[in-house]
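For reference, my_file28.cif is printed below; it contains mmCIF, C-alpha atoms and all ligand atoms.
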```cif
data_model
#
loop_
_atom_site.label_atom_id
_atom_site.label_comp_id
_atom_site.auth_asym_id
_atom_site.auth_seq_id
_atom_site.Cartn_x
_atom_site.Cartn_y
_atom_site.Cartn_z
CA MET A 1 35.32 76.73 95.15
CA LYS A 2 33.90 77.79 91.80
CA GLY A 3 33.86 81.55 91.21
CA VAL A 4 36.39 82.45 93.90
CA SER A 5 39.67 83.67 92.40
CA LEU A 6 42.84 82.58 94.17
CA LEU A 7 45.31 84.99 95.72
CA ASP A 8 48.06 85.99 93.32
CA ASN A 9 51.52 86.43 94.87
CA ARG A 10 52.74 88.59 91.97
CA LYS A 11 49.86 91.03 92.47
CA ILE A 12 50.88 91.34 96.14
CA ASP A 13 54.47 92.02 95.04
CA ARG A 14 53.25 94.80 92.78
CA CYS A 15 51.19 96.65 95.38
CA LEU A 16 53.09 96.05 98.65
CA ARG A 17 54.47 99.33 100.03
CA THR A 18 55.74 98.12 103.42
CA ARG A 19 59.35 98.18 104.53
CA GLN A 20 59.19 94.79 106.21
CA PHE A 21 55.70 93.37 106.78
CA GLY A 22 54.73 90.81 104.16
CA ARG A 23 58.02 91.15 102.26
CA LEU A 24 58.68 87.54 103.20
CA ARG A 25 55.51 85.53 102.95
CA LEU A 26 53.98 82.15 102.40
CA LEU A 27 50.73 81.67 100.51
CA LEU A 28 48.94 78.42 101.25
CA ASP A 29 45.86 76.79 99.86
CA ALA A 30 44.87 75.22 103.20
CA CYS A 31 46.20 74.74 106.71
CA THR A 32 44.85 74.10 110.20
CA SER A 33 45.51 77.70 111.24
CA THR A 34 47.94 80.27 109.85
CA ASN A 35 48.96 80.75 113.50
CA ASP A 36 50.16 77.12 113.62
CA VAL A 37 52.25 77.57 110.49
CA ALA A 38 53.58 80.91 111.74
CA ARG A 39 54.54 79.44 115.10
CA ASP A 40 56.64 76.71 113.43
CA LEU A 41 58.30 79.27 111.17
CA ALA A 42 58.97 81.64 114.08
CA LEU A 43 60.48 78.81 116.13
CA ALA A 44 62.71 78.07 113.14
CA GLY A 45 63.88 81.71 113.18
CA ALA A 46 61.61 83.49 110.68
CA PRO A 47 62.01 87.27 111.12
CA GLU A 48 59.53 89.94 112.13
CA GLY A 49 57.06 90.78 109.39
CA TYR A 50 56.99 87.29 107.87
CA ALA A 51 53.37 86.76 106.79
CA ILE A 52 51.44 83.57 106.21
CA VAL A 53 48.20 83.73 104.24
CA SER A 54 45.93 80.78 103.58
CA GLU A 55 42.91 80.43 101.30
CA THR A 56 41.17 78.42 103.99
CA GLN A 57 41.77 77.14 107.53
CA THR A 58 40.36 73.95 108.98
CA GLU A 59 40.94 74.91 112.62
CA GLY A 60 40.93 78.71 112.67
CA ARG A 61 40.98 80.15 116.18
CA GLY A 62 39.38 83.32 117.49
CA ARG A 63 39.75 85.09 120.81
CA PHE A 64 38.29 83.67 123.99
CA GLY A 65 38.94 80.13 122.70
CA ARG A 66 36.26 80.36 120.02
CA ALA A 67 36.42 78.60 116.66
CA TRP A 68 36.93 80.91 113.68
CA LEU A 69 35.24 79.73 110.49
CA SER A 70 37.52 80.37 107.52
CA PRO A 71 35.86 79.63 104.18
CA ARG A 72 37.49 80.33 100.82
CA GLY A 73 37.37 83.95 99.77
CA GLY A 74 38.38 85.37 103.16
CA ILE A 75 41.65 86.90 104.24
CA TRP A 76 43.26 84.62 106.82
CA LEU A 77 46.65 86.01 107.70
CA THR A 78 49.22 85.74 110.46
CA ALA A 79 52.30 87.95 110.77
CA ILE A 80 55.26 87.20 113.01
CA LEU A 81 56.19 89.95 115.47
CA ARG A 82 59.39 90.17 117.42
CA PRO A 83 58.86 93.26 119.59
CA PRO A 84 62.07 94.22 121.38
CA THR A 85 60.39 95.13 124.66
CA LEU A 86 57.78 94.40 127.23
CA PHE A 87 55.40 91.53 127.27
CA SER A 88 52.65 94.03 128.10
CA SER A 89 52.86 95.52 124.59
CA LEU A 90 51.30 92.27 123.36
CA LEU A 91 47.98 93.35 124.84
CA SER A 92 47.80 96.35 122.52
CA ILE A 93 48.30 94.22 119.40
CA PRO A 94 44.66 93.17 118.80
CA LEU A 95 43.43 96.75 119.01
CA ILE A 96 46.14 98.31 116.84
CA GLY A 97 45.70 95.36 114.47
CA ALA A 98 41.98 96.13 114.28
CA LEU A 99 42.84 99.79 113.63
CA ALA A 100 45.08 98.71 110.74
CA VAL A 101 42.33 96.54 109.26
CA ALA A 102 39.72 99.31 109.55
CA ARG A 103 42.01 101.90 107.96
CA GLY A 104 43.17 99.49 105.26
CA VAL A 105 39.62 98.45 104.34
CA ASN A 106 38.30 102.03 104.47
CA SER A 107 41.02 103.53 102.31
CA THR A 108 40.88 100.71 99.75
CA LEU A 109 37.12 100.42 99.47
CA GLY A 110 35.81 103.82 100.54
CA ILE A 111 33.62 102.46 103.34
CA ARG A 112 33.57 103.41 107.03
CA THR A 113 34.32 100.39 109.16
CA LYS A 114 34.97 100.98 112.85
CA VAL A 115 37.04 99.41 115.61
CA ARG A 116 35.24 97.77 118.52
CA TRP A 117 37.20 96.97 121.69
CA PRO A 118 38.93 94.62 122.26
CA ASN A 119 39.66 93.27 118.77
CA ASP A 120 36.83 93.66 116.26
CA VAL A 121 36.30 95.57 113.05
CA VAL A 122 32.62 96.22 112.50
CA LEU A 123 30.31 97.84 110.02
CA ASP A 124 26.87 98.86 111.28
CA HIS A 125 27.47 96.82 114.45
CA ARG A 126 28.16 93.66 112.45
CA LYS A 127 31.53 92.01 112.73
CA LEU A 128 33.58 92.14 109.55
CA ALA A 129 36.97 91.16 110.89
CA GLY A 130 38.73 89.99 114.03
CA VAL A 131 42.29 90.24 115.22
CA SER A 132 44.14 88.04 117.69
CA ALA A 133 47.56 88.04 119.31
CA GLU A 134 49.38 85.02 120.65
CA GLY A 135 52.69 85.31 122.45
CA MET A 136 55.47 82.85 122.96
CA SER A 137 57.84 83.66 125.80
CA ARG A 138 61.27 82.40 126.71
CA GLY A 139 62.06 82.89 130.40
CA ASN A 140 60.69 86.30 131.32
CA SER A 141 60.85 87.82 127.87
CA LEU A 142 58.64 87.61 124.85
CA ASP A 143 60.34 85.56 122.15
CA PHE A 144 57.81 86.33 119.45
CA ALA A 145 54.14 87.13 118.98
CA LEU A 146 51.67 86.22 116.29
CA LEU A 147 49.30 88.80 114.90
CA GLY A 148 46.28 86.95 113.48
CA ILE A 149 43.92 88.76 111.12
CA GLY A 150 40.68 87.34 109.76
CA VAL A 151 38.59 89.39 107.32
CA ASN A 152 35.26 88.15 105.97
CA ALA A 153 35.91 89.22 102.41
CA ASN A 154 34.67 87.44 99.28
CA PHE A 155 32.00 85.13 100.64
CA SER A 156 28.49 85.62 101.88
CA SER A 157 28.18 85.93 105.64
CA SER A 158 25.27 83.48 105.38
CA LEU A 159 28.06 80.87 105.36
CA LEU A 160 28.68 81.90 108.96
CA THR A 161 25.05 81.97 110.03
CA GLY A 162 24.43 79.83 113.03
CA PHE A 163 28.05 80.45 113.92
CA ASN A 164 27.44 84.12 114.51
CA LYS A 165 24.42 86.01 113.19
CA SER A 166 25.92 89.41 113.88
CA CYS A 167 28.60 89.05 111.18
CA THR A 168 28.94 90.64 107.79
CA SER A 169 31.31 90.31 104.85
CA LEU A 170 32.72 92.63 102.20
CA LEU A 171 30.79 90.70 99.57
CA ASP A 172 27.56 91.45 101.47
CA VAL A 173 28.43 95.12 101.80
CA ILE A 174 29.96 95.91 98.40
CA GLY A 175 27.93 93.43 96.37
CA ARG A 176 30.87 92.09 94.37
CA PRO A 177 34.22 90.43 95.15
CA VAL A 178 36.93 92.84 96.27
CA ASN A 179 40.61 92.86 95.36
CA ARG A 180 42.05 90.84 98.26
CA GLU A 181 45.68 91.40 97.23
CA LEU A 182 45.21 95.17 97.46
CA LEU A 183 43.51 94.82 100.83
CA ILE A 184 46.26 92.61 102.23
CA CYS A 185 48.89 95.15 101.12
CA SER A 186 46.96 98.04 102.59
CA ILE A 187 46.34 96.28 105.92
CA LEU A 188 50.02 95.29 106.22
CA LEU A 189 51.13 98.86 105.52
CA GLU A 190 48.68 100.28 108.06
CA PHE A 191 49.80 97.74 110.64
CA GLU A 192 53.47 98.46 110.05
CA GLN A 193 52.74 102.15 110.69
CA SER A 194 50.60 101.78 113.83
CA TYR A 195 52.92 99.12 115.29
CA GLY A 196 55.79 101.50 114.58
CA LEU A 197 54.02 104.20 116.59
CA VAL A 198 53.63 101.85 119.55
CA LEU A 199 57.22 100.59 119.40
CA SER A 200 58.59 104.11 119.22
CA GLY A 201 56.55 105.06 122.29
CA ASN A 202 54.14 107.33 120.41
CA THR A 203 51.11 105.74 122.03
CA THR A 204 49.32 109.10 122.19
CA ARG A 205 49.09 109.26 118.39
CA ALA A 206 48.03 105.61 118.22
CA LEU A 207 45.33 106.25 120.84
CA ASP A 208 44.10 109.35 118.98
CA LEU A 209 43.77 107.31 115.79
CA LEU A 210 41.97 104.57 117.67
CA ARG A 211 39.50 107.02 119.18
CA GLU A 212 38.82 108.41 115.68
CA HIS A 213 37.91 104.92 114.48
CA ASP A 214 36.28 103.61 117.65
CA CYS A 215 32.61 102.69 117.92
CA SER A 216 32.71 101.01 121.34
CA ALA A 217 32.43 104.17 123.44
CA GLY A 218 28.81 104.66 124.48
CA SER A 219 27.91 100.98 124.09
CA LYS A 220 26.35 98.83 126.75
CA VAL A 221 28.55 95.83 127.49
CA ARG A 222 28.83 92.74 129.64
CA VAL A 223 32.43 91.82 130.42
CA PHE A 224 33.36 88.52 132.03
CA LEU A 225 36.36 88.80 134.36
CA GLY A 226 36.86 85.33 135.77
CA ASP A 227 33.77 84.66 137.89
CA VAL A 228 32.78 88.31 137.90
CA GLN A 229 30.41 89.86 135.37
CA LEU A 230 30.57 93.57 134.81
CA VAL A 231 27.58 95.19 133.10
CA GLY A 232 27.65 98.86 132.21
CA THR A 233 28.43 101.47 129.60
CA LEU A 234 31.83 101.48 128.01
CA THR A 235 32.54 105.19 128.25
CA ASP A 236 36.00 105.55 126.74
CA LEU A 237 39.27 104.01 125.65
CA VAL A 238 41.69 104.83 128.44
CA SER A 239 44.79 103.39 126.81
CA LEU A 240 45.71 100.98 124.01
CA THR A 241 44.63 98.12 126.24
CA GLU A 242 42.11 99.54 128.71
CA VAL A 243 38.57 100.85 128.68
CA ARG A 244 36.45 102.51 131.36
CA ILE A 245 33.12 100.92 132.18
CA ALA A 246 30.54 102.93 134.10
CA ARG A 247 27.85 101.17 136.12
CA LYS A 248 24.31 102.39 136.76
CA ASP A 249 25.30 103.53 140.26
CA CYS A 250 27.82 105.92 138.63
CA SER A 251 30.87 104.00 139.84
CA SER A 252 33.32 103.01 137.16
CA THR A 253 36.06 100.44 136.61
CA VAL A 254 38.99 100.41 134.24
CA VAL A 255 39.23 97.03 132.51
CA ASP A 256 42.31 95.73 130.78
CA SER A 257 41.75 93.63 127.66
CA GLY A 258 44.11 91.00 129.08
CA SER A 259 41.82 90.36 132.04
CA ALA A 260 38.56 90.15 130.05
CA ASP A 261 37.63 86.52 129.41
CA SER A 262 34.80 87.51 127.13
CA VAL A 263 32.95 90.65 126.05
CA GLU A 264 29.34 90.94 124.90
CA TYR A 265 27.82 94.03 123.33
CA LEU A 266 24.23 94.42 124.55
CA ALA A 267 21.30 96.05 122.81
CA ASP A 268 20.49 99.44 124.38
C1 LIG A 301 38.58 87.11 116.92
O1 LIG A 301 37.91 88.06 116.57
O2 LIG A 301 38.15 86.30 117.73
C2 LIG A 301 39.98 86.95 116.34
C3 LIG A 301 39.94 86.17 115.06
C4 LIG A 301 41.30 85.94 114.45
C5 LIG A 301 41.21 85.02 113.25
C6 LIG A 301 42.52 84.95 112.52
S1 LIG A 301 42.35 84.22 110.92
C7 LIG A 301 44.08 84.14 110.78
C8 LIG A 301 44.61 83.70 112.12
N1 LIG A 301 44.55 82.26 112.25
C9 LIG A 301 43.72 81.87 113.20
O3 LIG A 301 43.48 80.68 113.49
N2 LIG A 301 43.16 82.92 113.78
C10 LIG A 301 43.63 84.17 113.21
#
```
As structure tokens, how would this structure be written, given the file I've shared?
Amino acid sequence: MKGVSLLDNRKIDRCLRTRQFGRLRLLLDACTSTNDVARDLALAGAPEGYAIVSETQTEGRGRFGRAWLSPRGGIWLTAILRPPTLFSSLLSIPLIGALAVARGVNSTLGIRTKVRWPNDVVLDHRKLAGVSAEGMSRGNSLDFALLGIGVNANFSSSLLTGFNKSCTSLLDVIGRPVNRELLICSILLEFEQSYGLVLSGNTTRALDLLREHDCSAGSKVRVFLGDVQLVGTLTDLVSLTEVRIARKDCSSTVVDSGSADSVEYLAD
């Protein structure tokens, strides 16, 4: 598209500060979904941290089976994860991925995006980015997982209107195109650090950081759990995967992100 500058691999090389994430990477002009490409590479043995970035996706996927529109100018990225333990750690990936995006965007651009359970990065209640995790298991163990990151960067969110009116983009917020290479490097570094905390068992620090960046606590939500709908106030993040939801009658339920089929944030 005219006016949108393409990602430059050499610029990424110059600003990448990670030990592993993004050191091996593939930059594409177009694909169905970076998750599809990553899955093939992971099945062929690509190591943890391998990142796939595409200028556009024709069949981008969001959580809850939704389509994810991926016009040129965005950041559409999948990283391969090979966590050594526990399938359950997969559930924490979207939230710590969202934390990494929020911290990466905030430190690079000096804005104050927030994390919204279970996998969003928002600015003024509008969705700026989403994070997904897909796992592939062999027998009882997790063979690999795919961290998917989508950031509405250098395009107007009006391109998404009709798809989702409560979205925003960095172009809308900053008023000019941002340096996507710098953002990618910053997000990968932040992810490497927060993922490292989780893998080393330091979930307390990860949860503290999440609470510092969280904007979900205090919000009214409707959560779909199979046939059951739970409406109430999300009072706090209980763990890296769970939140507490209080009903009007003062009872409360702890909900795990793995059991939520869909989450809606309601106006107060
Ligand atoms: C969500 O908020 O629903 C998660 C969105 C995740 C989108 C990213 S874009 C890169 C990767 N490829 C996909 O098809 N999806 C993820």
*asked:* Which residues are near ligand LIG 301 (chain A) in this structure, taking near to mean any atom at most 8 Å from a ligand atom and counting all atoms listed in the file? Format them as number ranges by chain.
replied: A: 32-36, 53, 57, 59-68, 70, 75-78, 119-120, 129-132, 147-151
Best match for closeness to Val221 in chain A among A:Tyr50, A:Phe144, A:Tyr265, A:Tyr195, counting only C-alpha atoms
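With only C-alpha atoms as the atom set, the closest residue is A:Tyr265.
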Closest of A:Cys31, A:Val263, A:Asp124, A:Ala79 to Arg112 in chain A, counting all atoms listed in the file, is A:Asp124
Excluding Asn152 in chain A and its own-chain neighbours fewer than 2 positions away, which residues fall within 12 Å of it when counting only C-alpha atoms? Please give them as a VMD selection string. chain A and resid 55 to 56 68 to 77 101 105 120 to 123 126 to 131 149 to 150 154 to 160 167 to 173 177 to 178 180 183
When you look at Asp8 in chain A with a cut-off of 9 Å (counting all atoms listed in the file), what residues show up, excluding the ones that are within fewer than 5 positions of it in the same chain? I need them as an NGL selection string. :A and (13 or 27 or 181)
Kindly export the residues of the current selection with C-alpha atoms, as an mmCIF file, in the frame of the given file.
```
data_model
loop_
_atom_site.group_PDB
_atom_site.id
_atom_site.type_symbol
_atom_site.label_atom_id
_atom_site.label_comp_id
_atom_site.auth_asym_id
_atom_site.auth_seq_id
_atom_site.Cartn_x
_atom_site.Cartn_y
_atom_site.Cartn_z
ATOM 1 C CA ASP A 13 54.470 92.020 95.040
ATOM 2 C CA LEU A 27 50.730 81.670 100.510
ATOM 3 C CA GLU A 181 45.680 91.400 97.230
#
```
